[in-house]
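File shown: input_29.cif (mmCIF, C-alpha atoms and all ligand atoms).
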```
data_final
#
loop_
_atom_site.label_atom_id
_atom_site.label_comp_id
_atom_site.auth_asym_id
_atom_site.auth_seq_id
_atom_site.Cartn_x
_atom_site.Cartn_y
_atom_site.Cartn_z
CA MET A 1 -2.27 50.64 126.23
CA THR A 2 0.33 50.02 123.60
CA GLU A 3 2.45 52.84 122.33
CA SER A 4 1.94 54.02 118.79
CA LEU A 5 4.82 53.91 116.31
CA GLN A 6 4.92 57.68 116.31
CA GLN A 7 5.27 57.72 120.09
CA ILE A 8 8.16 55.26 119.88
CA VAL A 9 9.88 57.43 117.26
CA ASP A 10 9.35 60.59 119.33
CA ARG A 11 10.67 58.92 122.46
CA ALA A 12 13.77 57.70 120.59
CA ARG A 13 14.41 61.21 119.25
CA ALA A 14 14.04 62.71 122.72
CA GLU A 15 16.44 60.19 124.23
CA PHE A 16 19.00 60.73 121.47
CA ALA A 17 18.78 64.48 122.03
CA ALA A 18 19.21 64.08 125.78
CA VAL A 19 22.51 62.20 125.68
CA SER A 20 25.70 64.16 125.35
CA GLU A 21 28.23 61.39 124.80
CA GLY A 22 28.81 58.66 122.24
CA PRO A 23 28.49 55.62 124.57
CA ALA A 24 25.16 56.88 126.03
CA LEU A 25 23.87 57.37 122.51
CA GLU A 26 24.76 53.76 121.60
CA ASP A 27 22.90 52.57 124.72
CA ALA A 28 19.85 54.52 123.62
CA LYS A 29 20.12 53.06 120.14
CA ALA A 30 20.08 49.53 121.63
CA ARG A 31 16.78 50.31 123.34
CA TYR A 32 15.12 50.79 119.92
CA LEU A 33 17.14 49.01 117.30
CA GLY A 34 19.08 46.45 119.34
CA LYS A 35 18.21 42.78 119.77
CA GLY A 36 15.49 43.43 122.33
CA GLY A 37 14.81 46.98 121.18
CA ALA A 38 11.28 48.36 120.92
CA LEU A 39 11.18 48.37 117.10
CA THR A 40 12.91 45.00 116.82
CA GLU A 41 10.29 43.52 119.10
CA LEU A 42 7.51 44.95 116.95
CA LEU A 43 9.07 43.38 113.86
CA LYS A 44 9.25 40.03 115.64
CA GLY A 45 5.55 40.36 116.49
CA LEU A 46 4.69 40.53 112.74
CA THR A 47 4.74 36.74 112.43
CA ALA A 48 1.57 36.55 114.50
CA LEU A 49 -0.37 38.74 112.00
CA PRO A 50 -2.39 37.59 108.98
CA PRO A 51 -0.46 38.03 105.65
CA GLU A 52 -2.25 41.14 104.31
CA GLU A 53 -1.85 43.03 107.60
CA LYS A 54 1.72 41.78 107.94
CA LYS A 55 2.73 43.60 104.76
CA SER A 56 1.38 47.03 105.57
CA ARG A 57 2.31 46.88 109.26
CA GLY A 58 5.81 45.70 108.31
CA ALA A 59 6.23 48.66 105.98
CA GLU A 60 5.09 51.07 108.75
CA ILE A 61 7.50 49.61 111.25
CA ASN A 62 10.36 49.74 108.75
CA ARG A 63 9.65 53.41 108.01
CA ALA A 64 9.67 54.12 111.74
CA LYS A 65 12.94 52.19 112.01
CA GLU A 66 14.48 54.24 109.20
CA THR A 67 13.38 57.46 110.86
CA VAL A 68 14.98 56.38 114.11
CA GLU A 69 18.16 55.33 112.28
CA GLU A 70 18.26 58.69 110.56
CA ALA A 71 17.84 60.50 113.90
CA LEU A 72 20.63 58.34 115.32
CA ARG A 73 23.04 59.22 112.46
CA ALA A 74 22.24 62.88 112.83
CA ARG A 75 22.85 62.81 116.57
CA ARG A 76 26.09 60.86 116.12
CA ALA A 77 27.33 63.51 113.72
CA GLU A 78 26.34 66.30 116.12
CA LEU A 79 28.15 64.66 119.01
CA ALA A 80 31.26 64.03 116.91
CA GLU A 81 31.28 67.64 115.84
CA ALA A 82 30.83 68.87 119.40
CA ALA A 83 33.68 66.63 120.56
CA LEU A 84 35.94 67.98 117.84
CA ALA A 85 35.01 71.56 118.66
CA ALA A 86 35.76 70.95 122.34
CA ARG A 87 39.12 69.42 121.50
CA LEU A 88 40.03 72.26 119.20
CA ALA A 89 39.14 74.77 121.88
CA ALA A 90 41.15 72.90 124.50
CA GLU A 91 44.21 72.47 122.33
CA ALA A 92 44.02 75.88 120.73
CA ILE A 93 47.31 77.54 119.86
CA ASP A 94 47.57 81.21 119.14
CA VAL A 95 49.64 81.26 116.00
CA THR A 96 49.99 85.01 116.25
CA LEU A 97 52.06 84.75 119.46
CA PRO A 98 55.73 85.45 118.83
CA GLY A 99 57.81 82.30 118.91
CA ARG A 100 60.29 81.61 121.68
CA GLY A 101 63.16 81.49 119.23
CA ARG A 102 66.73 80.81 120.09
CA GLY A 103 68.65 83.99 120.89
CA THR A 104 71.86 84.47 119.03
CA GLY A 105 74.79 84.64 121.42
CA GLY A 106 77.25 87.46 121.28
CA ILE A 107 80.87 87.91 122.17
CA HIS A 108 81.46 89.69 125.46
CA PRO A 109 83.13 93.09 124.95
CA VAL A 110 86.12 92.10 127.11
CA ILE A 111 86.59 88.92 125.08
CA ARG A 112 86.37 91.02 121.92
CA THR A 113 89.27 93.05 123.27
CA TRP A 114 91.12 89.82 124.12
CA GLN A 115 90.67 88.65 120.52
CA ARG A 116 91.78 91.99 119.06
CA VAL A 117 94.87 92.01 121.26
CA GLU A 118 95.79 88.50 120.11
CA GLU A 119 95.25 89.52 116.50
CA ILE A 120 97.35 92.66 116.70
CA PHE A 121 100.29 91.12 118.58
CA GLY A 122 99.99 87.93 116.52
CA SER A 123 100.47 89.99 113.37
CA ILE A 124 103.86 91.22 114.61
CA GLY A 125 105.14 87.82 115.57
CA PHE A 126 104.05 87.38 119.20
CA ASP A 127 103.12 83.88 120.28
CA VAL A 128 99.99 83.49 122.45
CA ALA A 129 100.32 81.53 125.69
CA ASP A 130 97.95 80.41 128.34
CA GLY A 131 98.52 79.12 131.86
CA PRO A 132 96.98 78.24 135.22
CA GLU A 133 94.81 80.63 137.19
CA ILE A 134 95.56 78.72 140.39
CA GLU A 135 99.22 79.49 140.75
CA ALA A 136 102.13 78.64 142.99
CA ASP A 137 103.61 81.31 145.19
CA TRP A 138 106.96 80.95 143.44
CA PHE A 139 105.65 81.83 139.95
CA ASN A 140 103.32 84.58 141.12
CA PHE A 141 105.75 86.28 143.53
CA THR A 142 109.18 84.84 144.28
CA ALA A 143 110.39 84.27 140.72
CA LEU A 144 109.22 87.77 139.92
CA ASN A 145 111.59 89.24 142.49
CA ASN A 146 108.91 90.01 145.06
CA PRO A 147 110.54 90.27 148.47
CA PRO A 148 109.01 87.85 151.01
CA ASN A 149 107.26 90.64 152.91
CA HIS A 150 105.92 92.48 149.86
CA PRO A 151 102.41 93.84 150.56
CA ALA A 152 100.97 92.18 147.44
CA ARG A 153 101.50 88.86 149.19
CA SER A 154 99.24 89.81 152.05
CA MET A 155 95.83 88.28 152.60
CA GLN A 156 94.26 91.65 151.89
CA ASP A 157 95.25 91.54 148.23
CA THR A 158 95.54 87.89 147.36
CA PHE A 159 92.99 85.11 147.28
CA TYR A 160 94.65 82.04 148.77
CA VAL A 161 93.50 78.55 147.95
CA ASP A 162 93.04 76.02 150.73
CA MET A 163 95.74 73.79 149.28
CA LYS A 164 99.52 73.77 149.37
CA GLY A 165 101.91 73.70 146.43
CA THR A 166 104.99 71.46 146.16
CA ASP A 167 106.98 74.14 148.02
CA GLY A 168 104.68 73.80 151.03
CA LEU A 169 103.28 77.30 150.48
CA PRO A 170 99.58 77.84 149.89
CA LEU A 171 98.46 78.02 146.27
CA LEU A 172 96.75 81.23 145.22
CA LEU A 173 94.67 82.77 142.45
CA ARG A 174 97.21 84.59 140.31
CA THR A 175 97.13 88.30 141.05
CA HIS A 176 98.49 89.19 137.61
CA THR A 177 99.45 87.45 134.36
CA SER A 178 103.16 88.04 135.06
CA PRO A 179 103.75 84.44 136.29
CA MET A 180 103.23 83.53 132.64
CA GLN A 181 106.48 85.38 131.83
CA VAL A 182 108.29 82.89 134.01
CA ARG A 183 106.42 79.79 132.84
CA TYR A 184 106.77 80.62 129.16
CA ALA A 185 110.36 81.85 129.31
CA ARG A 186 111.55 78.77 131.23
CA GLU A 187 109.99 76.55 128.58
CA HIS A 188 111.50 78.49 125.70
CA ALA A 189 114.89 79.42 127.18
CA ARG A 190 116.70 76.56 125.45
CA ALA A 191 115.35 77.49 122.02
CA LEU A 192 116.64 81.01 122.61
CA VAL A 193 120.10 79.94 123.75
CA GLU A 194 120.55 77.15 121.24
CA GLU A 195 118.66 78.38 118.18
CA GLY A 196 118.53 82.12 118.79
CA LYS A 197 114.72 82.01 118.77
CA PRO A 198 113.52 85.10 120.66
CA ILE A 199 111.01 84.80 123.48
CA LYS A 200 108.19 86.88 122.17
CA VAL A 201 104.81 86.20 123.68
CA ILE A 202 101.58 87.60 125.00
CA ALA A 203 99.55 85.82 127.68
CA PRO A 204 96.00 87.08 128.08
CA GLY A 205 93.86 85.70 130.86
CA ARG A 206 91.91 86.02 134.07
CA THR A 207 93.48 87.43 137.21
CA TYR A 208 92.19 87.89 140.76
CA ARG A 209 92.55 90.33 143.62
CA VAL A 210 90.63 91.02 146.79
CA ASP A 211 89.18 94.27 145.54
CA SER A 212 85.72 95.39 144.49
CA ASP A 213 84.28 98.78 143.54
CA ALA A 214 83.31 100.77 140.42
CA THR A 215 86.82 100.44 139.00
CA HIS A 216 87.99 97.16 140.56
CA SER A 217 86.57 93.69 140.26
CA PRO A 218 87.80 90.63 142.19
CA MET A 219 88.17 88.90 138.83
CA PHE A 220 89.54 90.84 135.91
CA HIS A 221 91.59 90.29 132.78
CA GLN A 222 95.13 91.19 131.90
CA VAL A 223 97.37 90.62 128.97
CA GLU A 224 101.04 90.05 129.68
CA GLY A 225 103.64 90.82 127.05
CA LEU A 226 107.24 89.62 127.04
CA TRP A 227 110.02 90.00 124.49
CA ILE A 228 113.47 88.75 125.38
CA ASP A 229 116.47 88.49 123.08
CA GLU A 230 120.05 89.73 122.96
CA ALA A 231 119.24 93.36 122.28
CA ILE A 232 115.64 94.22 123.03
CA SER A 233 115.49 97.72 124.42
CA PHE A 234 113.05 100.17 125.92
CA ALA A 235 112.85 101.72 122.45
CA ASP A 236 111.36 98.45 121.21
CA LEU A 237 108.79 98.55 124.01
CA LYS A 238 107.85 102.09 123.04
CA GLY A 239 107.55 101.21 119.38
CA VAL A 240 105.60 98.00 119.87
CA TYR A 241 103.23 99.37 122.47
CA THR A 242 102.52 102.65 120.68
CA ASP A 243 101.81 100.75 117.49
CA PHE A 244 99.54 98.41 119.41
CA LEU A 245 97.51 101.29 120.88
CA ARG A 246 97.11 102.97 117.49
CA ARG A 247 95.86 99.77 115.96
CA PHE A 248 93.68 98.88 118.91
CA PHE A 249 91.95 102.27 119.00
CA GLU A 250 92.08 102.57 115.21
CA THR A 251 93.61 106.02 115.29
CA ASP A 252 97.00 107.63 115.01
CA ALA A 253 95.66 110.62 116.90
CA LEU A 254 96.92 109.52 120.30
CA THR A 255 99.98 110.32 122.35
CA VAL A 256 101.84 107.83 124.52
CA ARG A 257 104.08 108.58 127.46
CA PHE A 258 106.17 106.41 129.75
CA ARG A 259 106.01 107.58 133.34
CA PRO A 260 108.62 106.24 135.80
CA SER A 261 107.15 103.75 138.21
CA TYR A 262 108.08 100.73 140.28
CA PHE A 263 107.55 97.01 139.91
CA PRO A 264 109.79 94.46 141.62
CA PHE A 265 110.21 92.50 138.39
CA THR A 266 111.22 95.32 136.05
CA GLU A 267 114.03 97.85 136.20
CA PRO A 268 113.52 100.51 135.05
CA SER A 269 109.73 100.38 135.32
CA ALA A 270 107.16 102.62 133.70
CA GLU A 271 103.46 103.22 133.63
CA ILE A 272 102.28 103.63 130.08
CA ASP A 273 99.84 106.53 129.78
CA MET A 274 98.01 107.57 126.66
CA MET A 275 96.03 110.58 125.59
CA PHE A 276 93.56 110.88 122.73
CA ASP A 277 94.17 113.93 120.55
CA SER A 278 90.46 114.11 119.72
CA GLY A 279 87.13 112.67 120.81
CA PRO A 280 85.34 112.81 124.16
CA LEU A 281 88.43 111.79 126.16
CA LYS A 282 90.68 114.28 124.39
CA GLY A 283 93.50 115.84 126.43
CA ARG A 284 93.29 113.53 129.48
CA TRP A 285 96.17 111.26 130.39
CA LEU A 286 94.86 107.75 130.85
CA GLU A 287 96.84 105.08 132.63
CA ILE A 288 96.85 102.00 130.48
CA SER A 289 99.59 99.55 131.42
CA GLY A 290 102.48 98.65 133.67
CA SER A 291 105.74 97.93 131.90
CA GLY A 292 109.49 97.87 132.16
CA GLN A 293 112.76 96.24 131.32
CA VAL A 294 112.79 92.77 132.82
CA HIS A 295 114.85 92.74 136.03
CA PRO A 296 118.12 90.75 135.81
CA ALA A 297 117.03 88.60 138.78
CA VAL A 298 113.89 87.62 136.85
CA VAL A 299 115.87 86.88 133.67
CA ARG A 300 117.97 84.54 135.82
CA ASN A 301 114.77 82.84 137.01
CA PHE A 302 113.87 82.37 133.35
CA GLY A 303 116.99 80.19 133.20
CA LEU A 304 118.86 82.77 131.14
CA ASP A 305 122.04 84.75 131.64
CA PRO A 306 121.06 88.39 132.33
CA GLU A 307 124.46 89.51 131.03
CA ARG A 308 123.44 88.25 127.64
CA TYR A 309 119.65 88.39 127.47
CA ILE A 310 117.50 91.43 127.97
CA GLY A 311 114.05 92.60 127.08
CA PHE A 312 110.80 94.15 128.15
CA ALA A 313 107.52 93.13 129.68
CA PHE A 314 104.17 94.80 130.06
CA GLY A 315 100.89 93.96 131.73
CA SER A 316 97.71 95.71 130.62
CA GLY A 317 94.14 95.48 131.88
CA LEU A 318 91.72 94.23 129.25
CA GLU A 319 88.72 95.83 131.00
CA ARG A 320 90.52 99.16 130.97
CA LEU A 321 91.24 98.92 127.24
CA THR A 322 87.62 97.92 126.59
CA MET A 323 86.21 100.79 128.67
CA LEU A 324 88.32 103.33 126.79
CA ARG A 325 87.51 101.88 123.40
CA TYR A 326 83.74 101.94 123.94
CA GLY A 327 83.45 104.79 126.44
CA ILE A 328 82.14 102.62 129.29
CA GLY A 329 82.16 104.30 132.69
CA ASP A 330 81.49 101.50 135.15
CA LEU A 331 83.52 98.30 135.25
CA ARG A 332 80.72 96.39 136.97
CA LEU A 333 78.66 96.45 133.75
CA PHE A 334 81.02 93.80 132.38
CA PHE A 335 80.10 91.29 135.06
CA GLU A 336 76.38 91.84 135.63
CA GLY A 337 75.25 89.94 132.54
CA ASP A 338 72.63 92.58 131.66
CA LEU A 339 71.58 91.80 128.09
CA ARG A 340 70.66 95.42 127.42
CA PHE A 341 74.32 96.27 127.92
CA LEU A 342 75.81 93.21 126.27
CA ARG A 343 73.64 93.36 123.14
CA GLN A 344 75.26 96.60 122.13
CA PHE A 345 78.45 94.71 121.38
CA ALA A 346 77.00 91.54 119.84
N1 LIG G 1 101.99 92.68 136.72
C1 LIG G 1 101.87 94.10 136.85
C2 LIG G 1 100.51 94.39 137.47
O1 LIG G 1 99.69 93.55 137.55
C3 LIG G 1 101.94 94.78 135.52
C4 LIG G 1 103.29 94.66 134.87
C5 LIG G 1 103.54 93.60 134.03
C6 LIG G 1 104.24 95.59 135.08
C7 LIG G 1 104.78 93.49 133.40
C8 LIG G 1 105.47 95.50 134.48
C9 LIG G 1 105.74 94.46 133.63
O2 LIG G 1 100.27 95.49 137.90
#
```

Can the structure from this file be put into structure tokens for me?
Amino acid sequence: MTESLQQIVDRARAEFAAVSEGPALEDAKARYLGKGGALTELLKGLTALPPEEKKSRGAEINRAKETVEEALRARRAELAEAALAARLAAEAIDVTLPGRGRGTGGIHPVIRTWQRVEEIFGSIGFDVADGPEIEADWFNFTALNNPPNHPARSMQDTFYVDMKGTDGLPLLLRTHTSPMQVRYAREHARALVEEGKPIKVIAPGRTYRVDSDATHSPMFHQVEGLWIDEAISFADLKGVYTDFLRRFFETDALTVRFRPSYFPFTEPSAEIDMMFDSGPLKGRWLEISGSGQVHPAVVRNFGLDPERYIGFAFGSGLERLTMLRYGIGDLRLFFEGDLRFLRQFA
């Protein structure tokens, strides 16, 4: 029994509906409209018919063919739409999600202090110098009049590097910025002697000691100050340092005192203490810096005649200055990298 045209059309529709992908649909199409397709075969068979039948039968077949073509186009469109919808779903982006952005960096509070210190001393004629953190024993200790058995030299306080300097002694991580006094002064001694150009410098930088608790960190920052000329006195130290503190803390309402102390490289030596006259720290003496008149033996190591040249030096902790300026209680906050802390200064 031969299939009716309507049956062929229905079967084509059913097959088109059953496929879910483009290539399968094109295969189905070939079965009806292709070279050997069902409808194509029927059209070929027309030649065998008498002319009057040929015409009407041909028209019927062509209508069936158009219907199938129409069903094919419709199914193609459906599949294309489904494919697009699937792709859109798979590649969906939620445009309401916050972007990843690129955080703006900030300047670390200790570095802010470093910059302020450079600015303030720069404005009164101090040069800014910079030197090695891995230092030779001679610069860190000997040239600074440290006796050979001084406790600061011991392994408990000093990080030694597994490498020897030209003097055969182990190199070390500088325990203070004071070796920069020696390095800078030796380089500028001639200009002082020959041109009368004073040695007037600060040297901020990293320093290291074997020490770690709420108020000590194995790495910390100091700023060294040195002013050497023919008549630089303790009065100059007092004036310069008091002015510095007032500008640094942006207030004149603070008192400064010089408390006798001892350092091998200064004589006399003093701790500089300060007290705020108002605010939360009001009335408490706060230790802020070591200082003193540079020891004649050290001036000699500068390459200068201590009978002629004299001056002062100081060494202050940058963390300490930062903690007092912002009211920070725990030194470790500076080194933990916690953005909640750091953002407050950005
Ligand atoms: N270098 C000393 C310290 O680290 C500080 C200091 C510097 C004292 C200069 C006097 C003069 O404690």

- Using only C-alpha atoms and all ligand atoms: which of A:Gly337, A:Gly103, A:Pro98, A:Gly290 has the shortest distance to ligand LIG 1 (chain G):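 Ranked by minimum distance to ligand LIG 1 (chain G), first place goes to A:Gly290.
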
- Item | Residues near Asp162 in chain A, cut-off 9 Å, only C-alpha atoms, skip fewer than 3 positions along chain, as a PyMOL selection string | chain A and resi 170-172

- Name the residues in contact with Phe16 in chain A at a cut-off of 8 Å, using all atoms listed in the file, excluding same-chain residues fewer than 2 positions from it; report them as a list in words.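 Residues meeting the cut-off are Ala12, Arg13, Ala14, Ala18, Val19, Leu25, Ala28, Lys29, Ala71, Leu72 and Arg75 of chain A.
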
- Item | Expected selection as JSON, numbers by chain for ligand LIG 1 (chain G) within 8 Å, all atoms listed in the file | {"A": [175, 176, 177, 178, 222, 224, 225, 226, 263, 265, 266, 269, 270, 271, 289, 290, 291, 292, 293, 294, 312, 313, 314, 315, 316]}

- Query: Neighbours of range 30-42 of chain A within 9 Å (only C-alpha atoms; same-chain residues fewer than 2 positions away dropped), as a list in words?
  - Reply: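 What passes the distance filter is Leu5, Ile8, Val9, Ala12, Leu25, Glu26, Asp27, Ala28, Lys44, Gly45, Leu46, Gly58, Ile61, Asn62, Ala64, Lys65, Val68 and Glu69 of chain A.
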
- Task: Using all atoms listed in the file, pick whichever of A:Arg257, A:Arg186, A:Arg247, A:His108 has the shortest atom-to-atom distance to Phe345 in chain A.
- Result: A:His108
